[in-house]
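**Student:** Below: one structure in structure tokens.
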Number of protein chains: 6
Amino acid sequence: MAQKREPIEYADASPEVRAVYDDIMATRKIDWVNNFWKVLAHDPPTLRRIWSNIKEVMGPGALDPLVKEMIYVAVSASNGCRYCIASHGAAARKKGMTEAQYSEMLAIVGLANETNRLVTALDVAVDERFR
Amino acid sequence: MAQKREPIEYADASPEVRAVYDDIMATRKIDWVNNFWKVLAHDPPTLRRIWSNIKEVMGPGALDPLVKEMIYVAVSASNGCRYCIASHGAAARKKGMTEAQYSEMLAIVGLANETNRLVTALDVAVDERFR
Amino acid sequence: MAQKREPIEYADASPEVRAVYDDIMATRKIDWVNNFWKVLAHDPPTLRRIWSNIKEVMGPGALDPLVKEMIYVAVSASNGCRYCIASHGAAARKKGMTEAQYSEMLAIVGLANETNRLVTALDVAVDERFR
Amino acid sequence: MAQKREPIEYADASPEVRAVYDDIMATRKIDWVNNFWKVLAHDPPTLRRIWSNIKEVMGPGALDPLVKEMIYVAVSASNGCRYCIASHGAAARKKGMTEAQYSEMLAIVGLANETNRLVTALDVAVDERFR
Amino acid sequence: MAQKREPIEYADASPEVRAVYDDIMATRKIDWVNNFWKVLAHDPPTLRRIWSNIKEVMGPGALDPLVKEMIYVAVSASNGCRYCIASHGAAARKKGMTEAQYSEMLAIVGLANETNRLVTALDVAVDERFR
Amino acid sequence: MAQKREPIEYADASPEVRAVYDDIMATRKIDWVNNFWKVLAHDPPTLRRIWSNIKEVMGPGALDPLVKEMIYVAVSASNGCRYCIASHGAAARKKGMTEAQYSEMLAIVGLANETNRLVTALDVAVDERFR
């Protein structure tokens with residue numbers, strides 16, 4: 001039994017999996033599906049569940065769509081998930097993120113990781129005015 | 001020698017530290033300094049250096065000031081730094097962040113942490129189109 | 001001096017290192033040693049110490065051997081250690097883990113990472129009944 | 001606007017939120033709701049979404065219910081989420097986890113965090129037999 | 001069954017646990033045992049195993065004892081473990097760490113956390129000269 | 001627009017970027033610049049800012065230069081940043097770090113990651129004597 005799960009292409013997918021692929025392409029107005037979903041497809045309930053979460057959370061809401069993608073990229077950059085940076089970075093660029101904005105976001109991610117450690121290590125008490 | 005560093009108040013601060021406190025208050029147009037800086041003040045070069053970084057990175061740039069604060073909060077929430085969530089959350093609220101926007105940002109932070117782990121654990125290959 | 005430490009094969013190993021390799025193979029009833037140990041072998045006291053810890057912690061105890069391997073894989077997946085997922089995943093499969101069980105474990109790892117961030121960011125107080 | 005979100009009690013909850021509380025109590029066969037849900041209730045769509053995920057992922061499946069809770073606790077312990085350790089630890093104890101099993105699980109969590117770092121730092125190559 | 005494990009005092013400890021306490025006090029030339037060991041004492045094999053690891057790793061070796069404690073504190077500060085910062089920070093101070101050295105170490109921890117994220121997010125290729 | 005940022009060589013760099021490269025080489029007394037800076041060069045203000053931080057923090061101070069590099073490597077090893085381990089590991093070796101010292105540092109990193117999780121999961125109270 002191989003450990004590594006290979007992407008399941010549309011042609012080889014079950015009707016259940018195809019239905020999710022179709023919804024991804026329709027929602028995103030694109031004609032292909034990226035590897036994350038094709039690998040998740042080995043576990044159809046998880047594929048369906050995660051897609052439904054992404055669709056709900058990343059759909060129209062109180063925040064601008066580009067801002068939402070940038071927050072996703074920022075967290076992924078902080079966590080060091082290269083695939084997630086690549087895929088959500090592409091989505092953000094498609095929604096208008098410039099290189100200058102990307103650089104600025106990365107600078108914030110880096111600096112926040114620095115100050116987060118200083119604050120935690122120094123065990124700084126929350127100011128009364130912030131409560 | 002006590003381990004815990006207590007905040008150094010303005011009245012007790014050296015001229016070097018006061019100069020940074022003054023710049024923080026002038027830049028932010030407020031009349032007080034929050035605990036993070038007062039604890040960092042035990043190490044004046046670090047106080048000056050971190051403030052200079054924050055001032056440069058969080059100052060005017062390619063991204064909207066509110067978006068910048070939200071990215072800072074998102075990374076801090078992902079890293080679990082309560083003080084940073086409180087202080088940058090307050091800054092974001094001051095710049096107009098609504099509760100609905102805060103909730104949406106947190107939902108993205110949570111979901112990104114979930115998918116980041118799935119992607120990394122499944123070792124998904126970056127799609128050619130994302131390169 | 002090369003930085004990267006290459007695996008030390010049995011034939012090239014010192015008697016001290018061979019003794020650990022022999023014990024690994026005897027304990028696991030296999031006829032080979034995986035790369036982790038061969039790289040650790042550059043530092044014999046650490047090789048011996050880590051193996052002795054693994055042997056004690058992962059040996060017979062209060063939990064089912066398969067459950068123990070799955071907990072190891074779950075933590076490694078959460079931490080994004082690909083080698084550890086591969087090696088302990090193989091051990092879990094050998095002890096009977098099915099693909100459906102692996103998928104279910106990964107789903108829990110992902111979801112826990114999501115809720116862990118929400119709980120920490122929202123600073124939820126521990127319920128009296130949980131104390 | 002206060003930053004800290006206080007738990008929303010059943011008596012003060014909207015019908016939409018009460019419906020989720022009711023489902024939590026019915027599914028778990030208990031007569032109270034823990035703080036995590038009461039704090040999430042400030043954001044009803046997230047409350048409903050996260051509960052629906054937990055219900056699906058932690059419901060009947062390929063793994064024993066106790067094993068599922070223990071994997072949840074193990075990841076939460078590795079991530080240092082005290083609330084999550086307390087709540088899922090209570091659930092695991094209710095499903096039969098003994099103190100000896102809890103100790104053994106924690107020992108695995110600690111050791112995996114040690115070896116995860118050694119493996120990553122030493123950049124150990126995945127053995128051919130593990131692919 | 002209470003979840004929280006209270007420290008087990010010497011007077012209430014089993015002979016097996018007392019033997020570890022005695023060895024801790026003798027090795028460190030002190031007349032008390034800190035809470036970490038008293039909480040681990042609920043699980044004697046783990047108490048003994050972790051102490052034996054600490055004794056071996058933190059004992060005399062190729063690095064200066066103060067440097068070893070500072071590395072321990074640096075990792076703990078990076079991981080946000082307050083207890084570990086407090087206990088190993090106390091040990092480092094006892095071995096001569098000055099406040100200036102502590103500040104400098106924290107500055108490195110913060111900066112490394114910043115650059116670690118930038119490097120990982122930007123997926124910088126390792127230079128040939130570093131291999 | 002390509003996502004991956006390629007290193008910017010000296011010959012192709014702007015005067016602003018060259019000035020930083022020149023300072024890096026002069027400060028370190030070397031005749032080349034490593035990839036981290038060449039990739040950061042796509043964002044000159046960040047290049048200048050991060051270099052200025054590194055120069056200040058890693059310059060002469062209260063700690064021995066080799067100890068400073070080792071703390072940098074230890075944090076990077078704990079965070080799993082391979083590039084950072086390679087680059088700061090090379091710097092540490094140049095300053096005299098032996099293989100035995102490197103092994104000992106890694107052992108501390110691994111052990112601290114183990115005990116950090118045990119302490120956090122068990123929620124050990126800070127001893128009065130450590131305050």
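Ordered as shown in the structure tokens, chains take letters A, B, and onward, while each chain numbers its residues from 1 and ligands are numbered from 1 in the order shown.
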Taking only C-alpha atoms into account and nothing else, which residues of chain A lie no more than 8 Å away from chain F? Please answer as number ranges by chain.
**Tutor:** A: 86, 89-90, 100, 103, 107
**Student:** For Phe36 (chain C), list every protein, DNA or RNA residue within 7 Å, evaluated using only C-alpha atoms, and leave out those in the same chain fewer than 3 positions away; present the list as a list in words.
**Tutor:** Val39 and Leu40 of chain C; Val119 and Val124 of chain D
**Student:** Give me a file of those residues, with N, CA and C atoms, as a compact mmCIF listing (two decimals), in the first residue's frame.
**Tutor:**
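Okay, this is what ended up in again.txt:
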# COMPACT_ATOMS: atom_id res chain seq x y z
N VAL C 39 21.39 8.74 10.65
CA VAL C 39 21.86 10.12 10.70
C VAL C 39 22.19 10.49 12.15
N LEU C 40 21.36 10.05 13.07
CA LEU C 40 21.65 10.28 14.50
C LEU C 40 22.97 9.64 14.91
N VAL D 119 14.55 15.37 13.44
CA VAL D 119 14.42 14.93 12.05
C VAL D 119 14.43 16.13 11.10
N VAL D 124 16.53 14.65 7.44
CA VAL D 124 16.67 13.23 7.11
C VAL D 124 15.86 12.88 5.86
**Student:** Residues of chain F classed as alpha helix (DSSP H) by DSSP on the backbone are to be reported as number ranges by chain.
**Tutor:** F: 15-28, 35-40, 44-58, 65-79, 82-94, 99-122
**Student:** Applying 9 Å and only C-alpha atoms, which residues near region 21-31 of chain A remain after dropping the ones on its own chain fewer than 2 positions away? List them as a list in words.
**Tutor:**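 In the requested form, the answer reads Tyr10, Val17, Arg18, Ala19, Val33, Trp37, Lys38, Trp51 and Lys55 of chain A.
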**Student:** List the spatial neighbours of Ala77 (chain B) as a list in words - criterion: any atom at most 8 Å away, only C-alpha atoms, same-chain residues fewer than 6 positions off excluded.
**Tutor:** Ile85, Leu106 and Val109 of chain B; Arg117, Leu118, Thr120 and Ala121 of chain C
**Student:** If you count only C-alpha atoms, which residues fall within 8 Å of region 62-76 of chain C, apart from same-chain ones fewer than 6 positions away, as a PyMOL selection string?
**Tutor:** (chain C and resi 82+84-85+88-89+91-92+95-97+105-106+109) or (chain D and resi 67+70-71+74-75+78+100-101+104-105+108-109+112-113+116)
**Student:** Tell me which protein, DNA and RNA residues are within 9 Å of Asn53 (chain B), counting only C-alpha atoms, leaving out same-chain ones fewer than 4 positions away, and put them as JSON, numbers by chain.
**Tutor:** {"A": [111], "B": [48, 49, 57, 58], "F": [49, 53]}
**Student:** Pull N, CA and C atoms from the residues just selected and write them as a PDB file, in the first residue's frame.
**Tutor:**
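Output file result_14.pdb is given in full below:
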ATOM      1  N   LEU A 111       7.420  40.581  11.066  1.00  0.00           N
ATOM      2  CA  LEU A 111       7.507  41.416  12.264  1.00  0.00           C
ATOM      3  C   LEU A 111       6.572  40.918  13.370  1.00  0.00           C
TER       4      LEU A 111
ATOM      5  N   ARG B  48      14.160  50.779  21.011  1.00  0.00           N
ATOM      6  CA  ARG B  48      14.308  51.701  19.879  1.00  0.00           C
ATOM      7  C   ARG B  48      14.227  50.944  18.553  1.00  0.00           C
ATOM      8  N   ARG B  49      14.887  49.815  18.487  1.00  0.00           N
ATOM      9  CA  ARG B  49      14.914  49.046  17.245  1.00  0.00           C
ATOM     10  C   ARG B  49      13.530  48.524  16.861  1.00  0.00           C
ATOM     11  N   VAL B  57       7.209  49.500   9.144  1.00  0.00           N
ATOM     12  CA  VAL B  57       6.376  48.470   8.511  1.00  0.00           C
ATOM     13  C   VAL B  57       4.891  48.825   8.572  1.00  0.00           C
ATOM     14  N   MET B  58       4.445  49.394   9.700  1.00  0.00           N
ATOM     15  CA  MET B  58       3.015  49.672   9.858  1.00  0.00           C
ATOM     16  C   MET B  58       2.635  51.090   9.388  1.00  0.00           C
TER      17      MET B  58
ATOM     18  N   ARG F  49      16.004  47.126   5.964  1.00  0.00           N
ATOM     19  CA  ARG F  49      15.552  47.035   7.349  1.00  0.00           C
ATOM     20  C   ARG F  49      16.038  45.756   8.027  1.00  0.00           C
ATOM     21  N   ASN F  53      18.726  45.295  11.137  1.00  0.00           N
ATOM     22  CA  ASN F  53      18.397  44.579  12.378  1.00  0.00           C
ATOM     23  C   ASN F  53      19.435  43.495  12.680  1.00  0.00           C
TER      24      ASN F  53
END
